[in-house]
$ cat data38.txt   # compact mmCIF, C-alpha atoms and all ligand atoms
# COMPACT_ATOMS: atom_id res chain seq x y z
CA MET H 1 80.94 48.34 156.72
CA VAL H 2 77.63 50.06 156.17
CA GLU H 3 77.89 52.88 153.68
CA GLU H 4 76.24 56.18 154.40
CA PHE H 5 74.18 56.23 151.18
CA ASP H 6 72.63 53.70 148.80
CA ILE H 7 73.93 55.64 145.80
CA VAL H 8 76.24 58.62 145.50
CA VAL H 9 76.43 60.54 142.23
CA ARG H 10 79.71 62.44 142.19
CA ASN H 11 80.96 65.42 140.18
CA ALA H 12 77.50 66.42 139.03
CA LYS H 13 76.77 69.64 137.25
CA THR H 14 73.28 70.84 138.19
CA ARG H 15 70.99 73.40 136.63
CA PHE H 16 70.85 75.42 139.87
CA SER H 17 74.63 75.45 140.40
CA PRO H 18 76.25 75.33 136.97
CA ASP H 19 79.66 76.64 138.10
CA LYS H 20 80.30 74.12 140.87
CA LEU H 21 80.37 70.33 140.80
CA LEU H 22 78.29 68.66 143.50
CA ASP H 23 77.79 65.21 144.98
CA ILE H 24 74.28 63.82 145.39
CA GLY H 25 73.61 61.28 148.13
CA ILE H 26 70.60 58.99 147.82
CA ARG H 27 69.13 57.00 150.68
CA ASP H 28 65.85 55.07 151.07
CA GLY H 29 64.62 56.16 147.65
CA LYS H 30 65.09 59.85 148.35
CA VAL H 31 67.63 62.57 147.73
CA ALA H 32 69.31 62.75 151.16
CA GLU H 33 72.11 65.26 150.63
CA ILE H 34 73.48 67.56 147.94
CA SER H 35 76.84 69.19 148.70
CA SER H 36 80.38 69.58 147.46
CA LYS H 37 81.77 66.50 149.24
CA ILE H 38 79.78 63.73 150.87
CA GLY H 39 80.38 60.24 152.33
CA ARG H 40 80.47 56.97 150.45
CA GLY H 41 77.62 55.12 148.78
CA GLU H 42 77.09 51.43 148.21
CA VAL H 43 76.93 52.33 144.53
CA GLU H 44 79.17 55.12 143.28
CA VAL H 45 78.36 56.90 140.01
CA ASP H 46 80.81 59.40 138.53
CA ALA H 47 78.95 62.00 136.49
CA GLY H 48 82.30 63.34 135.28
CA GLY H 49 81.18 66.95 135.32
CA ASN H 50 78.10 66.22 133.23
CA LEU H 51 74.61 67.51 133.89
CA VAL H 52 72.40 65.68 136.40
CA THR H 53 68.73 66.65 136.51
CA GLU H 54 65.28 65.37 137.38
CA SER H 55 64.07 62.45 135.27
CA PHE H 56 61.96 63.28 132.22
CA VAL H 57 58.17 63.42 132.24
CA ASN H 58 55.85 62.54 129.38
CA PRO H 59 52.43 63.96 130.28
CA HIS H 60 50.60 62.91 127.10
CA LEU H 61 50.98 59.64 125.22
CA HIS H 62 48.26 57.59 123.52
CA MET H 63 49.73 54.42 124.91
CA CYS H 64 47.13 51.91 123.70
CA LYS H 65 47.80 53.01 120.11
CA VAL H 66 51.59 52.84 119.98
CA TYR H 67 52.90 50.83 117.00
CA THR H 68 49.47 50.51 115.34
CA LEU H 69 50.37 52.50 112.20
CA GLN H 70 50.98 49.31 110.21
CA MET H 71 47.54 47.98 111.17
CA ILE H 72 45.75 51.16 110.09
CA GLY H 73 47.72 52.38 107.08
CA GLU H 74 48.57 55.95 106.17
CA ASP H 75 45.16 57.31 105.16
CA ALA H 76 44.22 58.55 108.63
CA LEU H 77 47.65 60.18 109.01
CA LYS H 78 47.14 62.17 105.80
CA LEU H 79 43.64 63.23 106.81
CA TYR H 80 44.86 64.39 110.25
CA GLN H 81 47.41 66.77 108.78
CA GLU H 82 45.74 68.27 105.71
CA HIS H 83 43.33 71.22 105.28
CA GLU H 84 44.82 73.05 108.27
CA MET H 85 43.74 70.12 110.40
CA GLY H 86 40.15 70.57 109.22
CA SER H 87 39.77 66.83 108.59
CA THR H 88 40.85 65.68 112.04
CA MET H 89 37.40 64.30 112.84
CA SER H 90 37.46 62.08 109.72
CA ALA H 91 40.96 60.89 110.66
CA ILE H 92 39.74 59.89 114.12
CA GLU H 93 36.78 58.00 112.60
CA LEU H 94 39.09 56.10 110.25
CA ALA H 95 41.65 55.38 112.97
CA SER H 96 38.97 54.07 115.30
CA MET H 97 38.44 51.03 113.04
CA VAL H 98 41.54 49.43 114.58
CA LYS H 99 39.61 49.14 117.83
CA GLU H 100 37.58 46.28 116.43
CA LYS H 101 40.80 44.29 116.81
CA TYR H 102 41.61 45.62 120.28
CA HIS H 103 42.92 42.99 122.63
CA GLU H 104 44.64 43.33 125.97
CA SER H 105 47.52 41.02 125.02
CA TRP H 106 48.96 42.89 122.03
CA ILE H 107 48.24 46.30 123.52
CA TYR H 108 50.23 45.27 126.60
CA GLU H 109 53.21 44.16 124.47
CA ASN H 110 53.21 47.39 122.44
CA ALA H 111 52.80 49.64 125.47
CA ARG H 112 55.57 47.77 127.30
CA LYS H 113 57.92 48.28 124.36
CA ALA H 114 57.18 52.04 124.43
CA LEU H 115 57.67 52.20 128.20
CA MET H 116 61.04 50.40 128.01
CA LEU H 117 62.16 52.89 125.34
CA GLY H 118 61.10 55.66 127.68
CA LEU H 119 63.18 54.23 130.53
CA LYS H 120 66.21 54.07 128.24
CA HIS H 121 65.71 57.78 127.53
CA GLY H 122 65.27 58.67 131.19
CA VAL H 123 61.47 59.04 131.18
CA LEU H 124 60.07 57.73 134.47
CA HIS H 125 56.66 59.44 134.51
CA PHE H 126 53.96 58.84 131.93
CA ARG H 127 50.36 59.91 131.53
CA ALA H 128 48.89 57.23 129.29
CA PHE H 129 45.69 58.05 127.40
CA VAL H 130 43.81 54.82 126.84
CA ASP H 131 40.76 54.52 124.58
CA THR H 132 37.78 53.56 126.70
CA ASP H 133 34.58 53.39 124.68
CA THR H 134 32.03 51.06 123.13
CA LYS H 135 34.58 49.68 120.64
CA ALA H 136 37.76 49.51 122.75
CA LYS H 137 35.80 48.60 125.89
CA LEU H 138 38.36 47.87 128.67
CA GLU H 139 41.01 46.06 126.59
CA GLY H 140 43.50 48.95 126.67
CA ILE H 141 42.72 49.77 130.29
CA LYS H 142 43.41 46.17 131.37
CA ALA H 143 46.72 46.19 129.48
CA LEU H 144 47.87 49.50 130.94
CA LEU H 145 46.80 48.67 134.50
CA LYS H 146 48.84 45.47 134.23
CA LEU H 147 51.85 47.51 133.07
CA LYS H 148 51.31 50.06 135.85
CA ASP H 149 51.38 47.29 138.42
CA GLU H 150 54.45 45.63 136.90
CA PHE H 151 56.48 48.86 137.09
CA LYS H 152 54.92 50.34 140.25
CA ASP H 153 58.22 50.44 142.14
CA ILE H 154 60.08 52.60 139.62
CA VAL H 155 57.62 54.34 137.28
CA ASP H 156 54.73 56.78 137.71
CA LEU H 157 52.21 55.56 135.15
CA GLN H 158 48.94 57.46 135.29
CA VAL H 159 46.19 55.76 133.30
CA VAL H 160 43.61 58.05 131.70
CA ALA H 161 40.23 56.54 130.78
CA PHE H 162 39.77 58.34 127.48
CA PRO H 163 36.53 58.24 125.43
CA GLN H 164 38.29 58.94 122.09
CA ASP H 165 35.17 58.92 119.92
CA GLY H 166 33.12 61.28 122.08
CA VAL H 167 30.58 60.62 124.80
CA LEU H 168 27.35 61.79 123.14
CA ARG H 169 28.50 60.63 119.70
CA ASP H 170 29.30 57.22 121.16
CA PRO H 171 26.43 56.50 123.55
CA GLY H 172 27.45 54.05 126.25
CA SER H 173 31.09 55.16 126.43
CA GLU H 174 30.37 57.07 129.65
CA GLU H 175 29.68 53.77 131.41
CA TRP H 176 32.93 52.27 130.11
CA VAL H 177 34.83 55.28 131.49
CA ARG H 178 33.11 54.83 134.85
CA LYS H 179 33.99 51.12 134.90
CA ALA H 180 37.62 51.89 134.02
CA ILE H 181 37.86 54.33 136.93
CA GLU H 182 36.30 51.75 139.27
CA MET H 183 38.90 49.23 138.04
CA GLY H 184 41.73 51.56 139.03
CA ALA H 185 42.32 53.99 136.16
CA ASP H 186 43.71 57.20 137.67
CA ILE H 187 42.39 60.06 135.58
CA VAL H 188 39.07 60.89 133.93
CA GLY H 189 39.61 61.79 130.26
CA GLY H 190 37.51 63.53 127.66
CA ILE H 191 37.50 64.98 124.16
CA PRO H 192 34.67 67.53 124.17
CA TRP H 193 35.59 69.27 120.91
CA ILE H 194 34.68 66.18 118.89
CA GLU H 195 30.96 66.35 119.70
CA TYR H 196 28.53 67.65 117.04
CA THR H 197 27.42 70.84 118.81
CA ASP H 198 28.65 73.24 121.50
CA GLU H 199 25.79 72.10 123.69
CA ASP H 200 26.94 68.50 123.39
CA SER H 201 30.54 69.55 124.15
CA ARG H 202 29.33 71.15 127.36
CA LYS H 203 27.34 68.03 128.27
CA HIS H 204 30.41 65.89 127.55
CA ILE H 205 32.47 67.94 130.03
CA ASP H 206 29.66 67.79 132.61
CA MET H 207 29.30 64.00 132.32
CA MET H 208 33.04 63.39 132.71
CA PHE H 209 33.22 65.79 135.65
CA ASP H 210 30.39 63.85 137.32
CA ILE H 211 32.60 60.75 137.23
CA ALA H 212 35.64 62.72 138.46
CA LYS H 213 33.64 64.09 141.38
CA GLU H 214 32.10 60.69 142.24
CA HIS H 215 35.59 59.16 142.49
CA ASP H 216 37.68 62.22 143.47
CA ARG H 217 39.89 62.08 140.36
CA ASP H 218 41.88 64.58 138.33
CA VAL H 219 40.78 65.35 134.77
CA ALA H 220 42.73 65.47 131.49
CA MET H 221 41.00 66.24 128.21
CA LEU H 222 41.90 66.72 124.57
CA VAL H 223 40.54 70.05 123.41
CA ASP H 224 40.16 71.98 120.15
CA ASP H 225 42.34 69.75 118.01
CA ALA H 226 41.67 71.43 114.65
CA GLY H 227 42.40 74.77 113.02
CA ASP H 228 38.91 76.19 113.61
CA PRO H 229 38.74 79.40 115.70
CA GLY H 230 35.11 78.53 116.51
CA LEU H 231 36.27 75.63 118.71
CA LYS H 232 36.06 76.79 122.32
CA THR H 233 36.23 73.71 124.52
CA THR H 234 39.43 74.90 126.24
CA GLU H 235 37.36 77.79 127.58
CA MET H 236 34.45 75.49 128.48
CA LEU H 237 36.81 73.20 130.41
CA ALA H 238 38.39 76.12 132.27
CA VAL H 239 34.99 77.55 133.23
CA LYS H 240 33.78 74.15 134.47
CA THR H 241 37.00 73.72 136.48
CA ILE H 242 36.45 77.07 138.18
CA LYS H 243 32.76 76.38 138.89
CA GLU H 244 33.47 72.93 140.34
CA LYS H 245 36.48 74.22 142.33
CA TRP H 246 38.66 71.56 140.67
CA THR H 247 41.46 74.16 140.52
CA GLY H 248 44.90 72.72 139.77
CA ARG H 249 43.45 69.29 138.98
CA VAL H 250 42.69 69.68 135.28
CA ALA H 251 44.92 69.56 132.20
CA ALA H 252 44.12 70.24 128.56
CA CYS H 253 46.04 68.66 125.68
CA HIS H 254 46.47 69.87 122.09
CA ALA H 255 44.38 73.11 122.10
CA ARG H 256 45.58 73.75 118.55
CA ALA H 257 42.71 76.09 117.64
CA MET H 258 44.44 78.58 119.95
CA ALA H 259 46.85 79.25 117.07
CA VAL H 260 44.04 80.94 115.11
CA TYR H 261 42.11 82.65 117.92
CA PRO H 262 41.74 86.44 117.68
CA GLU H 263 43.99 88.19 120.21
CA PRO H 264 41.21 89.55 122.51
CA TYR H 265 39.67 86.07 122.84
CA PHE H 266 43.09 84.54 123.52
CA ARG H 267 43.70 87.07 126.32
CA LYS H 268 40.34 86.23 127.91
CA LEU H 269 41.19 82.52 127.71
CA VAL H 270 44.58 83.08 129.39
CA ALA H 271 42.82 84.78 132.32
CA LEU H 272 40.45 81.80 132.67
CA LEU H 273 43.32 79.27 132.48
CA LYS H 274 45.16 81.10 135.25
CA GLN H 275 42.07 81.23 137.43
CA ALA H 276 41.44 77.51 136.84
CA GLY H 277 45.10 76.61 137.53
CA MET H 278 44.85 74.58 134.34
CA GLY H 279 47.91 73.11 132.67
CA ILE H 280 48.33 72.86 128.91
CA VAL H 281 50.17 70.03 127.18
CA SER H 282 51.31 70.87 123.68
CA ASP H 283 52.78 68.60 121.01
CA PRO H 284 53.85 70.85 118.14
CA HIS H 285 55.52 67.98 116.26
CA THR H 286 52.31 66.01 115.63
CA GLY H 287 50.34 68.59 113.67
CA PRO H 288 50.80 71.76 111.62
CA LEU H 289 49.19 73.95 114.31
CA HIS H 290 49.94 74.22 118.00
CA ALA H 291 48.94 76.06 121.18
CA LYS H 292 50.60 79.44 121.80
CA VAL H 293 53.23 77.89 124.04
CA LEU H 294 55.62 80.82 124.53
CA GLU H 295 52.83 83.34 125.11
CA LEU H 296 51.22 81.03 127.69
CA LEU H 297 54.55 80.58 129.49
CA ARG H 298 55.03 84.34 129.53
CA GLU H 299 51.67 84.64 131.29
CA GLY H 300 52.61 82.02 133.88
CA VAL H 301 50.35 79.22 132.63
CA PRO H 302 52.01 75.84 133.27
CA VAL H 303 52.82 74.42 129.83
CA ALA H 304 54.38 71.03 129.16
CA LEU H 305 55.39 69.12 126.06
CA GLY H 306 54.07 65.62 125.35
CA GLN H 307 55.14 62.86 122.98
CA ASP H 308 51.46 62.35 122.02
CA ASP H 309 51.97 59.45 119.63
CA ILE H 310 54.43 56.74 118.68
CA ALA H 311 53.94 55.13 115.27
CA ASP H 312 50.16 55.36 115.13
CA ALA H 313 47.52 56.78 112.79
CA TYR H 314 48.41 60.36 113.78
CA TYR H 315 52.23 60.37 113.81
CA PRO H 316 54.67 57.89 112.25
CA TYR H 317 57.79 58.46 114.41
CA GLY H 318 58.52 58.64 118.13
CA ARG H 319 60.97 56.90 120.46
CA ASN H 320 59.78 58.20 123.81
CA SER H 321 62.71 60.60 124.05
CA MET H 322 61.59 63.85 125.63
CA LEU H 323 64.85 65.53 124.57
CA GLU H 324 63.85 64.78 120.98
CA ILE H 325 60.40 66.30 121.62
CA ALA H 326 62.00 69.43 123.10
CA PHE H 327 64.42 69.64 120.16
CA LEU H 328 61.55 69.43 117.66
CA ALA H 329 59.56 72.01 119.63
CA SER H 330 62.57 74.32 119.64
CA HIS H 331 62.27 74.51 115.85
CA LEU H 332 58.50 74.58 115.56
CA LEU H 333 58.18 77.31 118.21
CA TRP H 334 61.34 79.12 117.03
CA ALA H 335 62.64 78.98 120.58
CA MET H 336 66.43 78.89 120.26
CA THR H 337 67.93 81.30 122.79
CA LEU H 338 69.63 79.84 125.86
CA ARG H 339 66.76 81.11 128.01
CA GLU H 340 64.22 79.43 125.72
CA MET H 341 66.22 76.18 125.82
CA ASP H 342 65.88 76.30 129.58
CA GLN H 343 62.13 76.75 129.18
CA LEU H 344 62.03 73.77 126.81
CA TYR H 345 63.87 71.66 129.40
CA ASP H 346 61.40 72.79 132.08
CA MET H 347 58.52 71.72 129.82
CA ILE H 348 59.77 68.10 129.79
CA THR H 349 60.64 68.04 133.50
CA VAL H 350 59.29 70.36 136.21
CA ASN H 351 56.37 71.86 134.25
CA ALA H 352 55.22 68.44 133.07
CA ALA H 353 55.46 67.12 136.64
CA LYS H 354 53.28 70.01 137.79
CA VAL H 355 50.70 69.31 135.08
CA MET H 356 50.63 65.64 136.14
CA GLY H 357 50.35 66.58 139.82
CA LEU H 358 53.45 64.55 140.76
CA LYS H 359 54.36 64.73 144.43
CA ASP H 360 57.94 65.08 145.74
CA TYR H 361 59.38 65.56 142.26
CA GLY H 362 62.56 67.63 142.03
CA MET H 363 66.32 67.87 142.54
CA ARG H 364 65.98 68.77 146.20
CA VAL H 365 66.74 67.06 149.47
CA GLY H 366 63.65 65.10 150.53
CA CYS H 367 62.34 64.56 147.00
CA LYS H 368 62.11 61.13 145.41
CA ALA H 369 65.45 60.19 143.85
CA ASN H 370 64.37 60.18 140.18
CA LEU H 371 67.38 61.44 138.29
CA VAL H 372 69.15 61.30 134.95
CA VAL H 373 72.92 61.53 134.64
CA LEU H 374 73.41 62.95 131.16
CA LYS H 375 76.39 62.57 128.85
CA THR H 376 76.47 66.30 128.18
CA LYS H 377 77.42 69.32 130.26
CA SER H 378 74.55 71.73 129.63
CA VAL H 379 70.92 71.99 128.60
CA TYR H 380 72.15 73.41 125.29
CA GLU H 381 74.27 70.31 124.60
CA ALA H 382 71.54 67.98 125.84
CA LEU H 383 69.12 69.43 123.30
CA THR H 384 71.73 69.45 120.55
CA TYR H 385 72.72 65.78 120.86
CA GLN H 386 69.58 64.26 122.45
CA ASP H 387 71.82 61.50 123.72
CA VAL H 388 70.49 58.78 125.99
CA PRO H 389 71.48 59.44 129.63
CA ALA H 390 74.59 57.63 130.91
CA CYS H 391 72.38 56.30 133.67
CA VAL H 392 68.91 56.63 135.07
CA ILE H 393 68.05 56.47 138.77
CA GLY H 394 64.42 55.66 139.64
CA ARG H 395 63.17 55.95 143.24
CA GLY H 396 66.69 55.53 144.52
CA LYS H 397 67.69 52.56 142.36
CA LEU H 398 70.07 52.49 139.45
CA ILE H 399 67.68 51.18 136.81
CA VAL H 400 69.34 51.93 133.45
CA GLU H 401 72.91 52.24 132.26
CA ASN H 402 73.52 53.14 128.62
CA GLU H 403 76.91 52.27 127.29
CA PHE H 404 78.19 52.45 123.77
CA LYS H 405 81.26 53.88 122.20
CA THR H 406 82.36 54.97 118.78
CA THR H 407 85.80 54.01 117.55
CA TYR H 408 87.32 55.97 114.68
CA HIS H 409 89.77 53.98 112.52
CA LEU H 410 91.45 56.90 110.81
ZN ZN R 1 46.82 63.42 121.73
$ encode --input "data38.txt" --output "structure tokens"
Amino acid sequence: MVEEFDIVVRNAKTRFSPDKLLDIGIRDGKVAEISSKIGRGEVEVDAGGNLVTESFVNPHLHMCKVYTLQMIGEDALKLYQEHEMGSTMSAIELASMVKEKYHESWIYENARKALMLGLKHGVLHFRAFVDTDTKAKLEGIKALLKLKDEFKDIVDLQVVAFPQDGVLRDPGSEEWVRKAIEMGADIVGGIPWIEYTDEDSRKHIDMMFDIAKEHDRDVAMLVDDAGDPGLKTTEMLAVKTIKEKWTGRVAACHARAMAVYPEPYFRKLVALLKQAGMGIVSDPHTGPLHAKVLELLREGVPVALGQDDIADAYYPYGRNSMLEIAFLASHLLWAMTLREMDQLYDMITVNAAKVMGLKDYGMRVGCKANLVVLKTKSVYEALTYQDVPACVIGRGKLIVENEFKTTYHL
């Protein structure tokens, strides 16, 4: 007998219908039906009244650097965090020494380990920033493109060609970025704030946009990653986006200087971000300053949370759990009302998907069936326990089941 669906998830609590349990039917990789009682599936999953939502999205992870902390030591980490992040540039210089040892083979193994951890935690969409410059050359890019290909049937892995040490400061890196894009990297990166002068920062943005326009690619840059109110590359990026009509195709990560901007300048920047349709990815757990996340959300700017780092020169922890990232952000942003918890959950799901430009993402009929069946009944409980999902469905396939139990011998 042919079943009506490939998978049916039964007794699911959803965010849009919290008072009624629903069944979700999945067919041909897509959500085919959501209603109170549907036909049988070849695979039947009982959610048991727990929450079922979209899979998690990690829109910012330095994936070529994961698990390199041991190779670099703690000096860069200390420099990154002290003096109100005034020594970030020195930290980046120190951390870049590891790139003399860059090789595709170990980067691939480390990145794969991080990706598998992500799958376990229900993360099926990653934007991987990969150093692409005169030191790293294409070693990281080759490793990540191999991983992208290996997981192409279940994971969205966007590879960003990222000139970590600057473009004018590191002459020749522009050509490596261009080569990476020609090889198949998805997104043109950038880090304009790291250049020596404002003029160079502007040139940096222009040069990276030239590559994006040549190859019709989206853009994601790291901006203003220090506690200096004089850093204004978020504004420069927004203005360039508007001028080039790249609206909705550009994201900015970090933007920590925003924390110390005077209010009138911040308001002007918000207006530019809205006009540019620019998303912001914040990672409050990896530095003592962070973008004004709640204010940006209030203004309607799409804001997402990113893992940023896993055990590298900038952050020692990380397990690719977006619930953990949201939990940490809840404290660092002092966002603890039920409404704010919902916003936090949006920032690791729908908002992050928007920032990454993911198509057909959502808990709706017709969308790709990328779902997590949690072990908890509400967003509040999900954030409290940060448990791994009971199971993870990727493009209509059951790809992860997490089982463990605790026995009390009392
Ligand atoms: Zn970062």
$ residues_near_ligand --input "data38.txt" --ligand "ligand ZN 1 (chain R)" --cutoff "7 Å" --atoms "all atoms listed in the file" --output "PDB file with C-alpha atoms, in the coordinates of the input"
ATOM      1  CA  HIS H  60      50.600  62.910 127.100  1.00  0.00           C
ATOM      2  CA  LEU H  61      50.980  59.640 125.220  1.00  0.00           C
ATOM      3  CA  HIS H  62      48.260  57.590 123.520  1.00  0.00           C
ATOM      4  CA  LEU H 222      41.900  66.720 124.570  1.00  0.00           C
ATOM      5  CA  CYS H 253      46.040  68.660 125.680  1.00  0.00           C
ATOM      6  CA  HIS H 254      46.470  69.870 122.090  1.00  0.00           C
ATOM      7  CA  ASP H 308      51.460  62.350 122.020  1.00  0.00           C
ATOM      8  CA  ASP H 309      51.970  59.450 119.630  1.00  0.00           C
TER       9      ASP H 309
END
$ residues_near_point --input "data38.txt" --point "(67.6, 72.4, 134.0)" --cutoff "8 Å" --atoms "all atoms listed in the file" --output "PDB file with C-alpha atoms, keeping the file's coordinate frame"
ATOM      1  CA  THR H  14      73.280  70.840 138.190  1.00  0.00           C
ATOM      2  CA  ARG H  15      70.990  73.400 136.630  1.00  0.00           C
ATOM      3  CA  PHE H  16      70.850  75.420 139.870  1.00  0.00           C
ATOM      4  CA  THR H  53      68.730  66.650 136.510  1.00  0.00           C
ATOM      5  CA  ASP H 342      65.880  76.300 129.580  1.00  0.00           C
ATOM      6  CA  TYR H 345      63.870  71.660 129.400  1.00  0.00           C
ATOM      7  CA  ASP H 346      61.400  72.790 132.080  1.00  0.00           C
ATOM      8  CA  VAL H 379      70.920  71.990 128.600  1.00  0.00           C
TER       9      VAL H 379
END
$ closest_residue --input "data38.txt" --among "H:Ala95, H:Ala271, H:Met347, H:Ile310" --to "Ala114 in chain H" --atoms "all atoms listed in the file"
H:Ile310
$ closest_residue --input "data38.txt" --among "H:Asp131, H:Asp46, H:Asp387, H:Glu401" --to "Ala161 in chain H" --atoms "all atoms listed in the file"
H:Asp131
$ residues_around --input "data38.txt" --residues "Ser321 in chain H" --least-positions-apart "2" --cutoff "8 Å" --atoms "all atoms listed in the file" --output "ChimeraX atom specification"
/H:117-118,121-123,307,318-319,323-325,386
$ axis_aligned_box --input "data38.txt" --around "range 371-379 of chain H" --padding-each-side "8 Å" --output "AutoDock Vina command-line options"
--center_x 72.4 --center_y 66.6 --center_z 133.2 --size_x 26.0 --size_y 26.7 --size_z 26.1
$ residues_around --input "data38.txt" --residues "range 171-181 of chain H" --least-positions-apart "3" --cutoff "7 Å" --atoms "all atoms listed in the file" --output "ChimeraX atom specification"
/H:132-134,137-138,141,161,163,167-168,184-186,211
$ closest_residue --input "data38.txt" --among "H:Ile72, H:Met221, H:Leu383, H:Leu145" --to "Thr337 in chain H" --atoms "all atoms listed in the file"
H:Leu383
$ residues_around --input "data38.txt" --residues "range 193-195 of chain H" --least-positions-apart "4" --cutoff "7 Å" --atoms "all atoms listed in the file" --output "compact mmCIF listing (two decimals) with C-alpha atoms, keeping the file's coordinate frame"
# COMPACT_ATOMS: atom_id res chain seq x y z
CA MET H 89 37.40 64.30 112.84
CA GLY H 166 33.12 61.28 122.08
CA LEU H 168 27.35 61.79 123.14
CA ARG H 169 28.50 60.63 119.70
CA ASP H 200 26.94 68.50 123.39
CA SER H 201 30.54 69.55 124.15
CA VAL H 223 40.54 70.05 123.41
CA ASP H 224 40.16 71.98 120.15
CA LEU H 231 36.27 75.63 118.71
CA THR H 233 36.23 73.71 124.52
